[in-house]
Structures are given as C-alpha cells and as structure tokens.
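K.L.:
See work-v2.cif below, with mmCIF, C-alpha atoms; chains and numbers go by the auth columns.
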data_start
#
loop_
_atom_site.group_PDB
_atom_site.id
_atom_site.type_symbol
_atom_site.label_atom_id
_atom_site.label_comp_id
_atom_site.label_asym_id
_atom_site.label_seq_id
_atom_site.Cartn_x
_atom_site.Cartn_y
_atom_site.Cartn_z
_atom_site.B_iso_or_equiv
_atom_site.auth_seq_id
_atom_site.auth_asym_id
ATOM 1 C CA MET A 1 84.640 58.925 137.597 0.00 1 A
ATOM 2 C CA SER A 2 81.160 57.650 138.244 0.00 2 A
ATOM 3 C CA TYR A 3 78.089 59.860 138.354 0.00 3 A
ATOM 4 C CA ILE A 4 77.533 59.178 142.052 0.00 4 A
ATOM 5 C CA ASP A 5 81.094 60.180 142.932 0.00 5 A
ATOM 6 C CA SER A 6 80.703 63.381 140.931 0.00 6 A
ATOM 7 C CA VAL A 7 77.537 64.500 142.790 0.00 7 A
ATOM 8 C CA LEU A 8 78.664 63.750 146.335 0.00 8 A
ATOM 9 C CA GLN A 9 78.500 66.871 148.474 0.00 9 A
ATOM 10 C CA PRO A 10 81.273 67.890 150.870 0.00 10 A
ATOM 11 C CA GLY A 11 81.214 65.645 153.929 0.00 11 A
ATOM 12 C CA GLU A 12 78.798 63.165 152.325 0.00 12 A
ATOM 13 C CA ARG A 13 79.955 59.559 152.268 0.00 13 A
ATOM 14 C CA LEU A 14 78.825 56.608 150.170 0.00 14 A
ATOM 15 C CA VAL A 15 77.321 53.881 152.367 0.00 15 A
ATOM 16 C CA HIS A 16 76.146 51.272 149.841 0.00 16 A
ATOM 17 C CA VAL A 17 76.319 50.716 146.092 0.00 17 A
ATOM 18 C CA GLY A 18 73.459 48.864 144.410 0.00 18 A
ATOM 19 C CA ARG A 19 74.122 46.763 141.327 0.00 19 A
ATOM 20 C CA ILE A 20 72.101 45.198 138.534 0.00 20 A
ATOM 21 C CA HIS A 21 72.038 41.399 138.865 0.00 21 A
ATOM 22 C CA PRO A 22 73.718 39.324 136.116 0.00 22 A
ATOM 23 C CA ILE A 23 70.406 37.497 135.550 0.00 23 A
ATOM 24 C CA ILE A 24 69.657 40.203 132.949 0.00 24 A
ATOM 25 C CA TYR A 25 71.986 38.282 130.598 0.00 25 A
ATOM 26 C CA LEU A 26 69.769 35.160 130.764 0.00 26 A
ATOM 27 C CA ASN A 27 67.627 35.915 127.668 0.00 27 A
ATOM 28 C CA GLY A 28 70.708 36.538 125.554 0.00 28 A
ATOM 29 C CA VAL A 29 72.418 33.378 126.789 0.00 29 A
ATOM 30 C CA VAL A 30 69.316 31.280 126.042 0.00 30 A
ATOM 31 C CA ALA A 31 69.047 32.740 122.520 0.00 31 A
ATOM 32 C CA LEU A 32 72.758 32.049 121.900 0.00 32 A
ATOM 33 C CA ILE A 33 72.414 28.450 123.118 0.00 33 A
ATOM 34 C CA VAL A 34 69.351 27.877 120.926 0.00 34 A
ATOM 35 C CA GLY A 35 71.207 29.362 117.969 0.00 35 A
ATOM 36 C CA LEU A 36 74.226 27.126 118.545 0.00 36 A
ATOM 37 C CA VAL A 37 72.063 24.006 118.936 0.00 37 A
ATOM 38 C CA VAL A 38 70.161 24.776 115.731 0.00 38 A
ATOM 39 C CA LEU A 39 73.425 25.517 113.904 0.00 39 A
ATOM 40 C CA ILE A 40 74.998 22.244 115.082 0.00 40 A
ATOM 41 C CA ASP A 41 71.847 20.369 114.098 0.00 41 A
ATOM 42 C CA ALA A 42 71.897 21.978 110.645 0.00 42 A
ATOM 43 C CA PHE A 43 75.553 21.076 110.209 0.00 43 A
ATOM 44 C CA MET A 44 75.044 17.478 111.380 0.00 44 A
ATOM 45 C CA THR A 45 71.976 17.079 109.153 0.00 45 A
ATOM 46 C CA HIS A 46 73.984 18.298 106.170 0.00 46 A
ATOM 47 C CA VAL A 47 76.953 16.034 106.966 0.00 47 A
ATOM 48 C CA ILE A 48 74.903 12.903 107.643 0.00 48 A
ATOM 49 C CA PHE A 49 72.087 13.196 105.108 0.00 49 A
ATOM 50 C CA GLY A 50 73.307 15.734 102.584 0.00 50 A
ATOM 51 C CA ARG A 51 70.797 18.208 101.204 0.00 51 A
ATOM 52 C CA ILE A 52 67.603 16.161 101.154 0.00 52 A
ATOM 53 C CA ALA A 53 64.996 18.913 101.244 0.00 53 A
ATOM 54 C CA ALA A 54 64.783 22.675 100.926 0.00 54 A
ATOM 55 C CA ILE A 55 63.598 22.892 104.549 0.00 55 A
ATOM 56 C CA TYR A 56 67.158 22.231 105.703 0.00 56 A
ATOM 57 C CA ALA A 57 68.321 25.415 103.963 0.00 57 A
ATOM 58 C CA ILE A 58 66.170 27.428 106.376 0.00 58 A
ATOM 59 C CA GLU A 59 67.746 25.869 109.455 0.00 59 A
ATOM 60 C CA PRO A 60 71.114 27.697 109.224 0.00 60 A
ATOM 61 C CA LEU A 61 69.310 30.992 108.622 0.00 61 A
ATOM 62 C CA LEU A 62 67.222 30.374 111.735 0.00 62 A
ATOM 63 C CA ALA A 63 70.389 29.578 113.677 0.00 63 A
ATOM 64 C CA TYR A 64 72.064 32.808 112.558 0.00 64 A
ATOM 65 C CA LEU A 65 68.928 34.751 113.451 0.00 65 A
ATOM 66 C CA PHE A 66 68.986 33.339 116.999 0.00 66 A
ATOM 67 C CA LEU A 67 72.716 34.067 117.279 0.00 67 A
ATOM 68 C CA VAL A 68 72.267 37.685 116.197 0.00 68 A
ATOM 69 C CA ILE A 69 69.293 38.162 118.532 0.00 69 A
ATOM 70 C CA GLY A 70 71.290 36.609 121.378 0.00 70 A
ATOM 71 C CA LEU A 71 74.228 38.930 120.766 0.00 71 A
ATOM 72 C CA LEU A 72 71.939 41.964 120.623 0.00 72 A
ATOM 73 C CA LEU A 73 70.273 40.946 123.886 0.00 73 A
ATOM 74 C CA MET A 74 73.672 40.439 125.544 0.00 74 A
ATOM 75 C CA VAL A 75 74.955 43.833 124.391 0.00 75 A
ATOM 76 C CA SER A 76 71.726 45.505 125.502 0.00 76 A
ATOM 77 C CA ALA A 77 71.955 43.890 128.952 0.00 77 A
ATOM 78 C CA TRP A 78 75.609 44.856 129.285 0.00 78 A
ATOM 79 C CA PHE A 79 74.827 48.448 128.308 0.00 79 A
ATOM 80 C CA ARG A 80 72.012 48.617 130.853 0.00 80 A
ATOM 81 C CA LYS A 81 74.284 47.271 133.574 0.00 81 A
ATOM 82 C CA TRP A 82 77.106 49.628 132.570 0.00 82 A
ATOM 83 C CA THR A 83 74.938 52.769 132.539 0.00 83 A
ATOM 84 C CA THR A 84 72.957 52.171 135.730 0.00 84 A
ATOM 85 C CA GLU A 85 74.222 53.450 139.058 0.00 85 A
ATOM 86 C CA ILE A 86 72.480 53.175 142.405 0.00 86 A
ATOM 87 C CA GLY A 87 74.033 54.601 145.528 0.00 87 A
ATOM 88 C CA VAL A 88 73.025 55.169 149.114 0.00 88 A
ATOM 89 C CA THR A 89 74.876 57.873 150.994 0.00 89 A
ATOM 90 C CA ASP A 90 74.479 58.980 154.576 0.00 90 A
ATOM 91 C CA ARG A 91 72.139 61.736 153.292 0.00 91 A
ATOM 92 C CA ARG A 92 70.296 60.503 150.182 0.00 92 A
ATOM 93 C CA VAL A 93 69.504 57.753 147.692 0.00 93 A
ATOM 94 C CA ILE A 94 70.818 58.375 144.163 0.00 94 A
ATOM 95 C CA GLN A 95 69.796 56.578 140.969 0.00 95 A
ATOM 96 C CA LYS A 96 71.191 57.212 137.475 0.00 96 A
ATOM 97 C CA THR A 97 70.312 55.420 134.254 0.00 97 A
ATOM 98 C CA GLY A 98 71.239 56.113 130.665 0.00 98 A
ATOM 99 C CA PHE A 99 74.309 57.237 128.780 0.00 99 A
ATOM 100 C CA ILE A 100 73.536 59.967 126.268 0.00 100 A
ATOM 101 C CA SER A 101 69.998 60.497 127.493 0.00 101 A
ATOM 102 C CA ARG A 102 70.453 60.447 131.255 0.00 102 A
ATOM 103 C CA ARG A 103 67.724 59.987 133.861 0.00 103 A
ATOM 104 C CA THR A 104 68.593 60.731 137.470 0.00 104 A
ATOM 105 C CA ALA A 105 66.574 60.637 140.654 0.00 105 A
ATOM 106 C CA GLU A 106 67.543 61.518 144.182 0.00 106 A
ATOM 107 C CA MET A 107 65.711 61.337 147.464 0.00 107 A
ATOM 108 C CA ASN A 108 66.797 62.530 150.885 0.00 108 A
ATOM 109 C CA ILE A 109 67.120 59.691 153.370 0.00 109 A
ATOM 110 C CA ASN A 110 64.968 61.673 155.836 0.00 110 A
ATOM 111 C CA GLN A 111 62.070 61.649 153.330 0.00 111 A
ATOM 112 C CA VAL A 112 61.997 57.844 152.896 0.00 112 A
ATOM 113 C CA GLU A 113 58.834 56.437 154.435 0.00 113 A
ATOM 114 C CA ARG A 114 58.774 52.909 153.044 0.00 114 A
ATOM 115 C CA VAL A 115 60.968 50.615 150.945 0.00 115 A
ATOM 116 C CA GLU A 116 59.181 47.786 149.158 0.00 116 A
ATOM 117 C CA VAL A 117 61.127 44.736 147.948 0.00 117 A
ATOM 118 C CA ARG A 118 59.558 42.370 145.405 0.00 118 A
ATOM 119 C CA GLN A 119 61.208 39.022 144.698 0.00 119 A
ATOM 120 C CA SER A 120 59.896 36.156 142.599 0.00 120 A
ATOM 121 C CA ILE A 121 60.796 32.562 143.368 0.00 121 A
ATOM 122 C CA LEU A 122 63.765 32.815 140.986 0.00 122 A
ATOM 123 C CA GLY A 123 64.632 36.126 142.612 0.00 123 A
ATOM 124 C CA ARG A 124 64.742 34.480 146.014 0.00 124 A
ATOM 125 C CA VAL A 125 66.878 31.613 144.702 0.00 125 A
ATOM 126 C CA PHE A 126 69.348 33.847 142.813 0.00 126 A
ATOM 127 C CA ASN A 127 69.108 36.821 145.221 0.00 127 A
ATOM 128 C CA TYR A 128 67.708 39.567 142.999 0.00 128 A
ATOM 129 C CA GLY A 129 64.569 41.647 143.065 0.00 129 A
ATOM 130 C CA SER A 130 62.910 44.994 142.493 0.00 130 A
ATOM 131 C CA LEU A 131 62.736 47.941 144.855 0.00 131 A
ATOM 132 C CA SER A 132 60.228 50.751 145.195 0.00 132 A
ATOM 133 C CA ILE A 133 61.210 53.565 147.507 0.00 133 A
ATOM 134 C CA HIS A 134 58.256 55.612 148.736 0.00 134 A
ATOM 135 C CA GLY A 135 58.783 58.953 150.372 0.00 135 A
ATOM 136 C CA THR A 136 56.945 62.086 151.338 0.00 136 A
ATOM 137 C CA GLY A 137 55.501 63.403 148.111 0.00 137 A
ATOM 138 C CA SER A 138 57.517 61.265 145.701 0.00 138 A
ATOM 139 C CA GLY A 139 59.322 58.006 145.233 0.00 139 A
ATOM 140 C CA LEU A 140 61.943 56.153 143.240 0.00 140 A
ATOM 141 C CA GLU A 141 60.650 53.561 140.814 0.00 141 A
ATOM 142 C CA GLY A 142 62.378 51.470 138.202 0.00 142 A
ATOM 143 C CA LEU A 143 64.892 49.721 140.408 0.00 143 A
ATOM 144 C CA GLU A 144 64.486 46.372 138.650 0.00 144 A
ATOM 145 C CA THR A 145 66.642 43.195 138.833 0.00 145 A
ATOM 146 C CA ILE A 146 68.772 44.559 141.666 0.00 146 A
ATOM 147 C CA ALA A 147 71.375 42.221 143.113 0.00 147 A
ATOM 148 C CA ASP A 148 70.927 41.614 146.853 0.00 148 A
ATOM 149 C CA PRO A 149 67.890 43.885 147.259 0.00 149 A
ATOM 150 C CA LEU A 150 67.578 43.215 150.985 0.00 150 A
ATOM 151 C CA SER A 151 70.995 44.702 151.764 0.00 151 A
ATOM 152 C CA LEU A 152 70.118 47.736 149.648 0.00 152 A
ATOM 153 C CA ARG A 153 66.860 48.095 151.573 0.00 153 A
ATOM 154 C CA THR A 154 68.751 47.790 154.857 0.00 154 A
ATOM 155 C CA ALA A 155 71.253 50.459 153.764 0.00 155 A
ATOM 156 C CA ILE A 156 68.360 52.812 152.941 0.00 156 A
ATOM 157 C CA THR A 157 66.311 52.215 156.080 0.00 157 A
ATOM 158 C CA ALA A 158 69.118 51.901 158.663 0.00 158 A
ATOM 159 C CA ARG A 159 70.011 55.285 160.118 0.00 159 A
#
For the structure just supplied, provide its representation as structure tokens.

P.N.:
Amino acid sequence: MSYIDSVLQPGERLVHVGRIHPIIYLNGVVALIVGLVVLIDAFMTHVIFGRIAAIYAIEPLLAYLFLVIGLLLMVSAWFRKWTTEIGVTDRRVIQKTGFISRRTAEMNINQVERVEVRQSILGRVFNYGSLSIHGTGSGLEGLETIADPLSLRTAITAR
C-alpha cells in the first residue's frame, strides 16, 4: 500500500498521481556508456598492440570506475523514483519522499494560490519540469524532474 493511499480520508478521492521522469537515469546511463567504451578500447588496445606502455594498465581501472559510478547513479535514481510519491486529491496535495527517513508535506487545495512550472529546453522536449506550489502561509518545494508537469499543475489548479 502506498503512503498516499494510507493517508486518504473517508470520502477523499485521488485525482492525479505525479511521477518522477525517467530522465533522472541519464547520468547513470552516460557513465555506464563511457565505462563500456573505455573498457572496449582497453581490450582492443591490448589485443591489437599488446602491453606497450604502463598507461594502458590504467585504462581498465578507469573503465571499472566509470561502470561502478554509473551503477551507483542508476541505483540512486531508482531509489529516488521508488520512494517519491506525489498525489493530488479532491481536497489536498500530498508529497512524500524518503524510505527510512521520511519527509511528507501536504497542502489543502483551497490554500493553493499559485503553481509555478519551470521547464528547461530539454524539459520541454522530453516533457519534464519542476513545480513550486505557493499557498497561504506556506508552499511545497522540491518537486523536481516531474513527468508531465503541466497536467499535474492542471490537476492542482482545476476545481
């Protein structure tokens, strides 16, 4: 059971679910590709030329370093995506991040004054962006790399 489902009040219904965009995996994918290219180059250099210089001994280590960093970045991105929940109900906006150390924020829909969407050029092309929800006295920050931020904004502002 998700956090949002567990905090729904009687008669409250979920209108929209926000998601983290898969673009968060990009850094890990790039590091993995660089690691594979360097590893293939090191292997081909060894096969074609043999061990000519000590510098070629560093190349496989560099490749493994990139591969490990890429895997760590991928796992970190997956964990962030897995532990983040964003929901819009007919009464409030709910955000939850974290697994062991949990951070939650809720705002009544009636208190929302303004929803700001920020999208870069890549964000416009791949349909992701950041949201800031401003309300009376407080706001929700930290909604970064949200998939389809305009539909989330519409779900929050449409009453």

K.L.:
I'd like the contact shell of Ile100 in chain A - 12 Å cut-off, all atoms listed in the file, skipping same-chain residues fewer than 3 positions apart - returned as a tab-separated table (two decimals) with C-alpha atoms, keeping the file's coordinate frame.

P.N.:
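Heads up, here's the output in around.tsv:
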chain	number	residue	atom	x	y	z
A	79	PHE	CA	74.83	48.45	128.31
A	83	THR	CA	74.94	52.77	132.54
A	96	LYS	CA	71.19	57.21	137.48
A	97	THR	CA	70.31	55.42	134.25
A	103	ARG	CA	67.72	59.99	133.86

K.L.:
Can you pull out every residue within 10 Å of Leu62 in chain A, counting only C-alpha atoms, but drop anything in the same chain fewer than 5 positions away, and send it as a PyMOL selection string?

P.N.:
chain A and resi 34-35+38-39+42+57+67-68

K.L.:
Restricting the output to C-alpha atoms, write the selected residues as a PDB file, keeping the file's coordinate frame.

P.N.:
ATOM      1  CA  VAL A  34      69.351  27.877 120.926  1.00  0.00           C
ATOM      2  CA  GLY A  35      71.207  29.362 117.969  1.00  0.00           C
ATOM      3  CA  VAL A  38      70.161  24.776 115.731  1.00  0.00           C
ATOM      4  CA  LEU A  39      73.425  25.517 113.904  1.00  0.00           C
ATOM      5  CA  ALA A  42      71.897  21.978 110.645  1.00  0.00           C
ATOM      6  CA  ALA A  57      68.321  25.415 103.963  1.00  0.00           C
ATOM      7  CA  LEU A  67      72.716  34.067 117.279  1.00  0.00           C
ATOM      8  CA  VAL A  68      72.267  37.685 116.197  1.00  0.00           C
TER       9      VAL A  68
END

K.L.:
Just checking: using all atoms listed in the file, which residue out of A:Ala147, A:Ile133, A:Ile69, A:Leu152 ends up closest to Asn108 in chain A?

P.N.:
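Among A:Ala147, A:Ile133, A:Ile69, A:Leu152, it is A:Ile133 that comes nearest to Asn108 in chain A.
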
K.L.:
How big is the axis-aligned box around all listed atoms of range 31-47 of chain A once 6 Å goes on each side, and where's its centre, in Å to one decimal, as lines of an AutoDock Vina configuration file?

P.N.:
center_x = 73.0
center_y = 24.4
center_z = 114.6
size_x = 19.9
size_y = 28.7
size_z = 28.9

K.L.:
Would you please work out which residue, of A:Pro60, A:Gly123, A:Gly129, A:Pro10, is nearest to Asp41 in chain A when using only C-alpha atoms?

P.N.:
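Selected residue with least distance to Asp41 in chain A: A:Pro60.
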
K.L.:
Suppose a student applies the PyMOL selection byres ((chain A and resi 25) around 10) to this structure; what residues should they get, written as an MDAnalysis selection string?

P.N.:
chainID A and resid 21:24 26:30 70 73:78 81

K.L.:
How many Å lie between CA of Gly142 in chain A and CA of Asn110 in chain A, rounded to one decimal?

P.N.:
20.5 Å

K.L.:
Go ahead and compute the interatomic distance for CA of Thr145 in chain A and CA of Leu131 in chain A, in Å to one decimal.

P.N.:
8.6 Å

K.L.:
Tell me which of A:Gln111, A:Thr154, A:Thr104, A:Gln95 sits closest to Ser138 in chain A, counting all atoms listed in the file.

P.N.:
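Checking each of A:Gln111, A:Thr154, A:Thr104, A:Gln95 against Ser138 in chain A, counting all atoms listed in the file, the winner is A:Gln111.
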
K.L.:
Give me, please, the distance in Å between CA of Val112 in chain A and CA of His134 in chain A, quoted to one decimal.

P.N.:
6.0 Å

K.L.:
Do a neighbour search on Asp90 in chain A at 10 Å with all atoms listed in the file, toss out local chain neighbours closer than 6 positions, and write the hits as a PyMOL selection string.

P.N.:
chain A and resi 11-16+108-110+155-156+158-159

K.L.:
Using all atoms listed in the file, which residue out of A:Phe43, A:Val17, A:Ile4, A:Glu106 lies closest to Pro149 in chain A?

P.N.:
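With all atoms listed in the file as the atom set, the closest residue is A:Val17.
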